[in-house]
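> Input structure: start09.txt, which contains compact mmCIF, C-alpha atoms.
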```txt
# COMPACT_ATOMS: atom_id res chain seq x y z
CA MET A 1 0.00 0.00 0.00
CA GLU A 2 1.18 3.52 -0.82
CA CYS A 3 -0.21 6.87 0.33
CA LYS A 4 0.51 10.17 -1.39
CA GLY A 5 -0.81 13.28 0.34
CA SER A 6 -1.56 16.85 -0.76
CA LYS A 7 -3.46 19.80 0.67
CA GLN A 8 -6.45 20.82 -1.51
CA GLY A 9 -8.38 23.77 -0.11
CA ALA A 10 -9.91 22.86 3.25
CA PHE A 11 -9.08 19.19 2.75
CA PHE A 12 -6.08 16.95 2.84
CA VAL A 13 -6.24 14.38 0.03
CA LEU A 14 -4.61 10.98 0.50
CA GLU A 15 -4.18 9.01 -2.72
CA VAL A 16 -4.10 5.38 -1.66
CA SER A 17 -2.86 2.69 -4.04
CA GLY A 18 -1.92 -0.99 -3.95
CA ARG A 19 -3.32 -3.41 -1.38
CA MET A 20 -4.76 -2.77 2.07
CA ASP A 21 -4.34 -6.24 3.59
CA ALA A 22 -3.34 -7.71 6.94
CA LEU A 23 0.32 -7.04 6.18
CA THR A 24 0.04 -3.41 5.02
CA SER A 25 -3.14 -1.75 6.23
CA GLN A 26 -1.83 -0.32 9.50
CA GLY A 27 -0.04 2.25 7.33
CA PHE A 28 -3.33 3.96 6.49
CA GLU A 29 -4.16 4.79 10.10
CA THR A 30 -0.57 5.97 10.58
CA GLU A 31 -0.89 8.33 7.58
CA CYS A 32 -4.18 9.74 8.89
CA LEU A 33 -2.68 10.32 12.33
CA ALA A 34 0.24 12.15 10.72
CA CYS A 35 -2.29 14.38 8.90
CA MET A 36 -4.01 15.08 12.22
CA GLU A 37 -0.78 15.99 13.94
CA ALA A 38 0.01 18.38 11.10
CA GLY A 39 -3.37 20.07 11.76
CA ASN A 40 -5.28 18.51 8.84
CA THR A 41 -8.39 16.90 10.31
CA ARG A 42 -10.55 16.88 7.18
CA VAL A 43 -9.21 14.06 5.07
CA VAL A 44 -10.39 12.73 1.71
CA ALA A 45 -9.02 9.29 0.85
CA ASP A 46 -8.99 8.76 -2.92
CA LEU A 47 -9.07 4.99 -3.34
CA GLY A 48 -8.93 5.11 -7.16
CA GLY A 49 -5.60 3.27 -7.16
CA LEU A 50 -6.54 0.75 -4.48
CA GLU A 51 -6.83 -2.78 -5.87
CA TYR A 52 -7.79 -4.69 -2.76
CA ILE A 53 -9.02 -4.27 0.80
CA SER A 54 -9.64 -6.85 3.54
CA SER A 55 -11.17 -6.55 7.01
CA ALA A 56 -7.73 -5.50 8.28
CA GLY A 57 -8.03 -2.48 5.96
CA LEU A 58 -11.53 -1.76 7.25
CA ARG A 59 -10.22 -1.85 10.83
CA SER A 60 -7.52 0.68 9.96
CA ILE A 61 -10.08 2.96 8.27
CA LEU A 62 -12.50 2.69 11.19
CA ALA A 63 -9.79 3.57 13.72
CA ALA A 64 -8.67 6.56 11.62
CA ALA A 65 -12.24 7.80 11.07
CA LYS A 66 -13.02 7.68 14.80
CA LYS A 67 -9.86 9.61 15.69
CA LEU A 68 -10.41 12.26 13.01
CA LYS A 69 -14.00 12.70 14.16
CA ALA A 70 -12.87 13.04 17.79
CA ALA A 71 -10.48 15.78 16.63
CA GLY A 72 -13.37 17.68 15.04
CA GLY A 73 -12.67 16.54 11.51
CA ASP A 74 -13.82 13.77 9.22
CA LEU A 75 -12.73 11.13 6.74
CA ALA A 76 -14.42 10.84 3.35
CA PHE A 77 -13.78 8.51 0.42
CA CYS A 78 -13.91 8.63 -3.36
CA GLY A 79 -12.90 6.60 -6.40
CA LEU A 80 -14.00 3.17 -5.14
CA SER A 81 -14.25 0.37 -7.70
CA GLY A 82 -14.22 -3.41 -8.00
CA ILE A 83 -13.70 -5.45 -4.83
CA VAL A 84 -13.06 -2.25 -2.82
CA ALA A 85 -16.53 -0.94 -3.66
CA GLU A 86 -18.01 -4.39 -3.02
CA VAL A 87 -16.40 -4.65 0.44
CA PHE A 88 -17.51 -1.10 1.37
CA THR A 89 -21.08 -2.04 0.44
CA VAL A 90 -21.38 -5.44 2.13
CA SER A 91 -19.60 -4.26 5.30
CA GLY A 92 -21.92 -1.26 5.68
CA PHE A 93 -18.95 1.15 5.44
CA ALA A 94 -20.56 2.86 2.44
CA LYS A 95 -23.35 4.01 4.81
CA LEU A 96 -21.14 4.51 7.85
CA LEU A 97 -18.75 6.93 6.15
CA PRO A 98 -19.17 9.61 3.47
CA VAL A 99 -18.44 8.04 0.07
CA TYR A 100 -18.39 10.02 -3.20
CA ALA A 101 -18.08 8.85 -6.78
CA THR A 102 -15.42 11.43 -7.69
CA ARG A 103 -12.78 13.49 -5.93
CA GLU A 104 -14.44 16.68 -7.19
CA GLU A 105 -17.64 15.78 -5.34
CA ALA A 106 -15.72 14.89 -2.18
CA LEU A 107 -13.95 18.25 -2.26
CA ALA A 108 -17.15 20.19 -3.00
CA ARG A 109 -18.90 19.19 0.22
CA SER A 110 -19.02 21.57 3.16
CA MET B 1 0.52 -16.14 -11.52
CA PRO B 2 4.20 -17.12 -11.62
CA PRO B 3 4.79 -18.91 -8.28
CA ALA B 4 2.27 -21.68 -8.89
CA MET B 5 3.25 -22.01 -12.55
CA ASP B 6 6.74 -23.01 -11.42
CA ASN B 7 5.12 -26.11 -10.02
CA PRO B 8 1.79 -26.62 -11.79
CA GLY B 9 1.15 -30.00 -10.17
CA GLN B 10 1.21 -28.71 -6.60
CA ASN B 11 -2.23 -29.27 -5.12
CA ARG B 12 -1.60 -28.73 -1.40
CA LEU B 13 0.67 -26.74 0.88
CA ARG B 14 1.06 -27.08 4.66
CA LEU B 15 2.82 -24.25 6.49
CA PRO B 16 3.14 -22.84 10.02
CA ALA B 17 0.03 -20.88 11.00
CA HIS B 18 1.61 -17.44 11.14
CA GLN B 19 1.53 -14.27 9.07
CA GLU B 20 4.61 -15.07 6.94
CA SER B 21 2.67 -17.99 5.46
CA LEU B 22 0.06 -15.69 3.94
CA PRO B 23 1.97 -14.70 0.74
CA PRO B 24 2.96 -18.26 -0.39
CA LEU B 25 -0.53 -19.65 0.33
CA ARG B 26 -2.10 -16.73 -1.51
CA ASP B 27 0.19 -17.19 -4.53
CA LEU B 28 -0.72 -20.88 -4.72
CA ALA B 29 -4.47 -20.16 -4.54
CA LEU B 30 -4.24 -17.43 -7.19
CA GLY B 31 -2.34 -19.88 -9.42
CA TRP B 32 -5.19 -22.38 -9.06
CA ALA B 33 -7.68 -19.60 -9.83
CA GLY B 34 -5.83 -18.90 -13.09
CA GLN B 35 -5.80 -22.57 -14.06
CA ALA B 36 -9.50 -22.96 -13.22
CA GLY B 37 -10.39 -19.92 -15.35
CA LEU B 38 -12.02 -18.08 -12.46
CA ALA B 39 -13.64 -14.82 -13.69
CA ASP B 40 -11.71 -11.58 -13.14
CA ASP B 41 -14.30 -10.18 -10.74
CA VAL B 42 -14.34 -13.39 -8.67
CA VAL B 43 -10.57 -13.69 -8.14
CA PRO B 44 -10.46 -10.79 -5.61
CA ARG B 45 -13.22 -12.51 -3.60
CA LEU B 46 -11.06 -15.61 -3.34
CA ASP B 47 -8.10 -13.45 -2.38
CA LEU B 48 -10.15 -11.73 0.33
CA VAL B 49 -11.92 -14.74 1.85
CA LEU B 50 -8.65 -16.69 1.94
CA GLU B 51 -6.90 -13.85 3.79
CA GLU B 52 -9.79 -13.53 6.26
CA MET B 53 -9.88 -17.25 7.03
CA LEU B 54 -6.09 -17.58 7.27
CA MET B 55 -5.87 -14.62 9.66
CA ASN B 56 -8.60 -16.27 11.71
CA VAL B 57 -6.54 -19.46 11.99
CA PHE B 58 -3.31 -17.54 12.66
CA HIS B 59 -4.88 -15.58 15.52
CA HIS B 60 -7.30 -18.04 17.11
CA ALA B 61 -6.64 -21.70 16.24
CA TYR B 62 -3.55 -22.24 18.38
CA PRO B 63 -3.63 -20.14 21.56
CA GLY B 64 -0.18 -20.06 23.08
CA GLU B 65 1.43 -22.44 20.59
CA LEU B 66 2.26 -22.60 16.88
CA GLY B 67 0.51 -25.18 14.72
CA ASP B 68 0.06 -25.70 10.99
CA VAL B 69 -2.45 -24.72 8.36
CA GLU B 70 -2.95 -26.52 5.06
CA LEU B 71 -4.42 -25.25 1.82
CA ALA B 72 -5.55 -27.92 -0.65
CA LEU B 73 -7.16 -27.91 -4.06
CA VAL B 74 -10.37 -29.92 -4.35
CA PRO B 75 -10.15 -31.93 -7.60
CA ARG B 76 -12.72 -31.02 -10.21
CA LEU B 77 -15.55 -33.48 -10.64
CA GLU B 78 -17.10 -34.35 -13.95
CA GLY B 79 -20.09 -32.07 -14.35
CA ASP B 80 -18.56 -29.21 -12.35
CA PRO B 81 -19.23 -25.99 -14.25
CA PRO B 82 -16.19 -24.32 -15.84
CA GLY B 83 -14.80 -21.25 -14.09
CA GLN B 84 -15.33 -22.76 -10.63
CA LEU B 85 -12.70 -23.39 -7.97
CA SER B 86 -13.03 -25.31 -4.70
CA LEU B 87 -10.38 -25.51 -2.02
CA THR B 88 -10.08 -26.57 1.59
CA LEU B 89 -8.40 -24.89 4.51
CA THR B 90 -7.44 -27.22 7.36
CA ASP B 91 -6.04 -26.59 10.82
CA TRP B 92 -5.57 -28.85 13.83
CA GLY B 93 -6.39 -26.28 16.47
CA VAL B 94 -9.36 -25.33 18.65
CA ALA B 95 -12.67 -26.52 17.15
CA PHE B 96 -14.31 -23.55 15.42
CA ASP B 97 -17.10 -23.40 12.85
CA PRO B 98 -16.85 -19.99 11.18
CA LEU B 99 -20.30 -20.47 9.63
CA ALA B 100 -22.04 -21.05 12.99
CA PRO B 101 -20.02 -19.63 15.88
CA GLU B 102 -21.17 -21.21 19.15
CA ASP B 103 -21.02 -17.85 20.85
CA GLN B 104 -24.50 -16.51 20.01
CA GLY B 105 -23.49 -13.10 21.32
CA LEU B 106 -21.00 -12.85 18.47
CA GLU B 107 -23.82 -13.31 15.98
CA ALA B 108 -26.03 -10.66 17.59
CA ASP B 109 -23.11 -8.25 17.84
CA LEU B 110 -22.39 -8.70 14.14
CA GLU B 111 -25.96 -7.81 13.15
CA ALA B 112 -26.09 -4.78 15.46
CA ASN B 113 -22.68 -3.65 14.30
CA LEU B 114 -23.68 -3.46 10.63
CA GLY B 115 -26.31 -0.87 11.52
CA ALA B 116 -24.23 1.05 14.09
CA ASP B 117 -23.01 4.59 13.56
CA LEU B 118 -19.38 5.64 13.63
CA ASP B 119 -19.20 6.10 17.41
CA ASP B 120 -20.68 2.67 18.17
CA ARG B 121 -19.21 0.64 15.36
CA ALA B 122 -16.89 -2.07 16.72
CA PRO B 123 -13.85 -3.11 14.70
CA GLY B 124 -14.24 -6.91 14.77
CA GLY B 125 -16.34 -9.62 13.18
CA MET B 126 -16.05 -8.52 9.56
CA GLY B 127 -13.94 -11.50 8.44
CA LEU B 128 -16.69 -14.01 9.21
CA PHE B 129 -19.27 -11.76 7.61
CA LEU B 130 -17.24 -11.41 4.41
CA LEU B 131 -16.84 -15.20 4.29
CA ARG B 132 -20.60 -15.70 4.29
CA THR B 133 -21.23 -12.92 1.81
CA LEU B 134 -18.54 -13.63 -0.77
CA ALA B 135 -18.04 -17.43 -0.89
CA LYS B 136 -20.01 -20.65 -0.85
CA SER B 137 -18.62 -22.56 2.08
CA SER B 138 -19.06 -25.56 4.35
CA TYR B 139 -17.39 -26.62 7.58
CA ALA B 140 -16.63 -30.02 9.12
CA ARG B 141 -14.78 -31.09 12.26
CA GLN B 142 -12.87 -34.16 11.07
CA GLY B 143 -11.17 -35.89 13.99
CA ASN B 144 -9.03 -33.16 15.53
CA ALA B 145 -9.10 -30.98 12.40
CA ASN B 146 -11.18 -27.99 11.31
CA VAL B 147 -11.85 -28.33 7.58
CA LEU B 148 -13.39 -25.38 5.76
CA THR B 149 -14.34 -25.91 2.11
CA LEU B 150 -14.64 -22.79 -0.03
CA THR B 151 -16.12 -22.61 -3.52
CA PHE B 152 -15.85 -19.64 -5.87
CA GLY B 153 -17.34 -18.85 -9.26
CA ALA B 154 -19.96 -20.36 -11.55
```
Output the file's structure as structure tokens, nothing else.

Amino acid sequence: MECKGSKQGAFFVLEVSGRMDALTSQGFETECLACMEAGNTRVVADLGGLEYISSAGLRSILAAAKKLKAAGGDLAFCGLSGIVAEVFTVSGFAKLLPVYATREEALARS
Amino acid sequence: MPPAMDNPGQNRLRLPAHQESLPPLRDLALGWAGQAGLADDVVPRLDLVLEEMLMNVFHHAYPGELGDVELALVPRLEGDPPGQLSLTLTDWGVAFDPLAPEDQGLEADLEANLGADLDDRAPGGMGLFLLRTLAKSSYARQGNANVLTLTFGA
């Protein structure tokens, strides 16, 4: 899994690519915590380059989302496809967290 | 899928039940998926369910000791539809049926959790749920072994 971050207006965008599995997914929470410490609590994770996610990835996302919320921010998602979209749907994460089709839509919210 | 192609006849692999065994077992299963002609949108489900069930064995089958886990290909039967793959996952640890956990509280928690909001959502239980959603599966306790059969595709 790789994360590439950039500030875009009020949001910090994390471009996530590769695989979020039991061996790699902890890195996502770590990235989000680094954003928080740098004062960026509104994070948009663009999963357009993510090929795979398992329940270990969901755990990392859930932990990050709870911490960002506690810090007064939030964690939104865009660009889901394939198995990533399927896992978000069956796990209920697509209802639990804000999910947008495109990055533009994720950045346009208030 | 190069690793399995190096040894196309390999139809089972038994390794220590710890995290380092995940990549070689995964490579073998993905090799079988290629040979079976599993559809492109089904292969990631195999990948996912295998990881979930292996992690389950790694973390829960052998409390306080290290045992083995074995992945085996179920031979195709005449009349099996093309594009289908069946495999078994065996461990010799604590008896556990992932399709019907004895702990009824676990089941209730899982249902409640799917509808919970962010503050109340608990992190666990998703592996078993993904198993039921994304694969056809059956479980048997055979002697001192847990044998989970998984079928994908067709």
> So that I can see what lies close to A:Glu31, please list as a PyMOL selection string the residues with an atom at most 10 Å from it, counting all atoms listed in the file and leaving out residues fewer than 2 positions away in the same chain.
chain A and resi 2-5+14+26-29+33-37+64
> Give me, as JSON lines, the closest atom pair and its distance (Å, one decimal) for every residue of chain B within a cut-off of 9 Å of chain A, counting all atoms listed in the file, rows sorted by chain and rising number.

```
{"residue": "B:Gln19", "atom": "CA", "partner": "A:Leu23", "partner_atom": "CA", "distance": 7.9}
{"residue": "B:Leu22", "atom": "CA", "partner": "A:Leu23", "partner_atom": "CA", "distance": 8.9}
{"residue": "B:Asp41", "atom": "CA", "partner": "A:Gly82", "partner_atom": "CA", "distance": 7.3}
{"residue": "B:Val42", "atom": "CA", "partner": "A:Ile83", "partner_atom": "CA", "distance": 8.8}
{"residue": "B:Pro44", "atom": "CA", "partner": "A:Ile83", "partner_atom": "CA", "distance": 6.3}
{"residue": "B:Arg45", "atom": "CA", "partner": "A:Ile83", "partner_atom": "CA", "distance": 7.2}
{"residue": "B:Asp47", "atom": "CA", "partner": "A:Tyr52", "partner_atom": "CA", "distance": 8.8}
{"residue": "B:Leu48", "atom": "CA", "partner": "A:Ser54", "partner_atom": "CA", "distance": 5.9}
{"residue": "B:Val49", "atom": "CA", "partner": "A:Ser54", "partner_atom": "CA", "distance": 8.4}
{"residue": "B:Glu51", "atom": "CA", "partner": "A:Ser54", "partner_atom": "CA", "distance": 7.5}
{"residue": "B:Glu52", "atom": "CA", "partner": "A:Ser55", "partner_atom": "CA", "distance": 7.2}
{"residue": "B:Met55", "atom": "CA", "partner": "A:Ala22", "partner_atom": "CA", "distance": 7.8}
{"residue": "B:Asn113", "atom": "CA", "partner": "A:Gly92", "partner_atom": "CA", "distance": 9.0}
{"residue": "B:Leu114", "atom": "CA", "partner": "A:Gly92", "partner_atom": "CA", "distance": 5.7}
{"residue": "B:Gly115", "atom": "CA", "partner": "A:Gly92", "partner_atom": "CA", "distance": 7.3}
{"residue": "B:Ala116", "atom": "CA", "partner": "A:Leu96", "partner_atom": "CA", "distance": 7.8}
{"residue": "B:Asp117", "atom": "CA", "partner": "A:Leu96", "partner_atom": "CA", "distance": 6.0}
{"residue": "B:Leu118", "atom": "CA", "partner": "A:Leu96", "partner_atom": "CA", "distance": 6.1}
{"residue": "B:Asp119", "atom": "CA", "partner": "A:Lys66", "partner_atom": "CA", "distance": 6.9}
{"residue": "B:Arg121", "atom": "CA", "partner": "A:Leu62", "partner_atom": "CA", "distance": 8.2}
{"residue": "B:Ala122", "atom": "CA", "partner": "A:Leu62", "partner_atom": "CA", "distance": 8.5}
{"residue": "B:Pro123", "atom": "CA", "partner": "A:Arg59", "partner_atom": "CA", "distance": 5.5}
{"residue": "B:Gly124", "atom": "CA", "partner": "A:Arg59", "partner_atom": "CA", "distance": 7.6}
{"residue": "B:Gly125", "atom": "CA", "partner": "A:Ser55", "partner_atom": "CA", "distance": 8.6}
{"residue": "B:Met126", "atom": "CA", "partner": "A:Ser55", "partner_atom": "CA", "distance": 5.8}
{"residue": "B:Gly127", "atom": "CA", "partner": "A:Ser55", "partner_atom": "CA", "distance": 5.8}
{"residue": "B:Phe129", "atom": "CA", "partner": "A:Ser91", "partner_atom": "CA", "distance": 7.9}
{"residue": "B:Leu130", "atom": "CA", "partner": "A:Ser91", "partner_atom": "CA", "distance": 7.6}
{"residue": "B:Thr133", "atom": "CA", "partner": "A:Val90", "partner_atom": "CA", "distance": 7.5}
```
> Tell me which of B:Ala36, B:Leu131, B:Val43, B:Asp27 sits closest to B:Asp80, counting only C-alpha atoms.
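Among the listed residues, the smallest separation from B:Asp80 belongs to B:Ala36.
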> I'd like the contact shell of stretch 58-72 of chain B - 9 Å cut-off, only C-alpha atoms, skipping same-chain residues fewer than 4 positions apart - returned as number ranges by chain.
B: 11-19, 21, 25, 28-29, 53-54, 86-96
> Fix up stretch 64-79 of chain B with N, CA and C atoms, then write it as a compact mmCIF listing (two decimals), in the frame of the given file.

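File written: out12.txt
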```txt
# COMPACT_ATOMS: atom_id res chain seq x y z
N GLY B 64 -1.37 -19.76 22.32
CA GLY B 64 -0.18 -20.06 23.08
C GLY B 64 0.78 -21.05 22.46
N GLU B 65 0.50 -21.52 21.25
CA GLU B 65 1.43 -22.44 20.59
C GLU B 65 1.37 -22.17 19.08
N LEU B 66 2.28 -22.78 18.33
CA LEU B 66 2.26 -22.60 16.88
C LEU B 66 1.95 -23.94 16.22
N GLY B 67 0.86 -23.98 15.46
CA GLY B 67 0.51 -25.18 14.72
C GLY B 67 0.60 -24.93 13.23
N ASP B 68 -0.01 -25.81 12.45
CA ASP B 68 0.06 -25.70 10.99
C ASP B 68 -1.30 -25.36 10.40
N VAL B 69 -1.24 -24.90 9.16
CA VAL B 69 -2.45 -24.72 8.36
C VAL B 69 -2.15 -25.29 6.99
N GLU B 70 -3.15 -25.92 6.39
CA GLU B 70 -2.95 -26.52 5.06
C GLU B 70 -4.01 -26.04 4.09
N LEU B 71 -3.54 -25.63 2.92
CA LEU B 71 -4.42 -25.25 1.82
C LEU B 71 -4.37 -26.37 0.78
N ALA B 72 -5.53 -26.84 0.34
CA ALA B 72 -5.55 -27.92 -0.65
C ALA B 72 -6.59 -27.65 -1.72
N LEU B 73 -6.25 -28.04 -2.92
CA LEU B 73 -7.16 -27.91 -4.06
C LEU B 73 -8.11 -29.10 -4.06
N VAL B 74 -9.40 -28.83 -4.22
CA VAL B 74 -10.37 -29.92 -4.35
C VAL B 74 -10.44 -30.28 -5.82
N PRO B 75 -10.16 -31.56 -6.18
CA PRO B 75 -10.15 -31.93 -7.60
C PRO B 75 -11.51 -31.67 -8.23
N ARG B 76 -11.48 -31.26 -9.48
CA ARG B 76 -12.72 -31.02 -10.21
C ARG B 76 -13.44 -32.34 -10.45
N LEU B 77 -14.75 -32.30 -10.33
CA LEU B 77 -15.55 -33.48 -10.64
C LEU B 77 -16.16 -33.32 -12.02
N GLU B 78 -16.41 -34.41 -12.67
CA GLU B 78 -17.10 -34.35 -13.95
C GLU B 78 -18.45 -33.69 -13.71
N GLY B 79 -18.82 -32.75 -14.55
CA GLY B 79 -20.09 -32.07 -14.35
C GLY B 79 -19.95 -30.76 -13.59
```
